[in-house]
Amino acid sequence: MLNKSFLALAAMIAVMSPSVQADVLAAGSAYGGPSQTQAVCYIYNAGTGPVSITSRNIFREPNINLPLAYVGCGGALAAGSSCGIAANIANNVAHSCRFVVSPSGADVRGTFELRDVAARVLQNSDMR
């Protein structure tokens, strides 16, 4: 049988422990036509403090995670900084981009682009 002071201490720790929550920033599905060759995602930290990037992915349909050809985003993104990721694509399907950042409510914006072999933007959208 647990004593009451142990239960009270456990409850107090649970209430006082900060809970880290994350936000998902995503765009897609986008299709740039048969000439699309690269998917690129950029994010910008418009806030006053750093954010943690817990995951970053580019997907093709149907929900296939692509290997990244370029990774310019590490584990943290300083205030006023931006970074990007890219994946080579060689197919006629739609693609999506997804970042998970914390803390929740961070002031982060993003853009997702599909480009052709000459790096011309075929399709772009804001990440939300």
# chains A, B, ... in the order shown; residues from 1 in each chain; ligands from 1
>>> residues_around(residues="region 113-119 of chain A", least_positions_apart="6", cutoff="7 Å", atoms="only C-alpha atoms", output="mmCIF file with C-alpha atoms, in the first residue's frame")
data_model
loop_
_atom_site.group_PDB
_atom_site.id
_atom_site.type_symbol
_atom_site.label_atom_id
_atom_site.label_comp_id
_atom_site.auth_asym_id
_atom_site.auth_seq_id
_atom_site.Cartn_x
_atom_site.Cartn_y
_atom_site.Cartn_z
ATOM 1 C CA GLY A 32 4.965 19.767 -60.511
ATOM 2 C CA SER A 35 9.533 17.524 -65.427
ATOM 3 C CA GLN A 36 9.802 17.680 -61.613
ATOM 4 C CA THR A 37 13.192 16.466 -60.374
ATOM 5 C CA GLN A 38 13.682 17.982 -56.927
ATOM 6 C CA ALA A 39 11.578 18.712 -53.838
ATOM 7 C CA VAL A 40 12.898 21.443 -51.517
ATOM 8 C CA CYS A 41 11.612 22.600 -48.120
ATOM 9 C CA SER A 125 3.215 26.359 -51.349
#
>>> residues_around(residues="Asn63 (chain A)", least_positions_apart="2", cutoff="10 Å", atoms="only C-alpha atoms", output="mmCIF file with C-alpha atoms, in the first residue's frame")
data_model
loop_
_atom_site.group_PDB
_atom_site.id
_atom_site.type_symbol
_atom_site.label_atom_id
_atom_site.label_comp_id
_atom_site.auth_asym_id
_atom_site.auth_seq_id
_atom_site.Cartn_x
_atom_site.Cartn_y
_atom_site.Cartn_z
ATOM 1 C CA ILE A 58 9.900 14.715 -47.758
ATOM 2 C CA PHE A 59 7.329 12.148 -48.839
ATOM 3 C CA ARG A 60 6.025 10.934 -52.158
ATOM 4 C CA GLU A 61 2.658 9.348 -52.524
ATOM 5 C CA ASN A 65 9.596 8.719 -46.966
ATOM 6 C CA LEU A 66 12.335 9.778 -49.412
ATOM 7 C CA ALA A 94 2.650 14.214 -55.708
ATOM 8 C CA HIS A 95 5.033 15.073 -52.882
ATOM 9 C CA SER A 96 4.737 16.532 -49.380
#
>>> closest_residue(among="A:Val93, A:Val100, A:Met127, A:Ala86", to="Ser52 (chain A)", atoms="only C-alpha atoms")
A:Val100
>>> select_by_dssp(residues="region 4-127 of chain A", states="alpha helix (DSSP H)", output="ChimeraX atom specification")
/A:4-16
>>> closest_residue(among="A:Ala30, A:Leu122, A:Ala22, A:Val51", to="Ser82 (chain A)", atoms="only C-alpha atoms")
A:Val51
>>> atom_distance(atom1="CA of Tyr44 (chain A)", atom2="CA of Arg109 (chain A)")
5.3 Å
>>> residues_around(residues="Asn57 (chain A)", least_positions_apart="5", cutoff="7 Å", atoms="only C-alpha atoms", output="list of chain:residue names")
A:Asn65, A:Cys97, A:Arg98, A:Phe99
>>> closest_residue(among="A:Thr111, A:Arg120, A:Val101, A:Cys73", to="Ala27 (chain A)", atoms="only C-alpha atoms")
A:Thr111
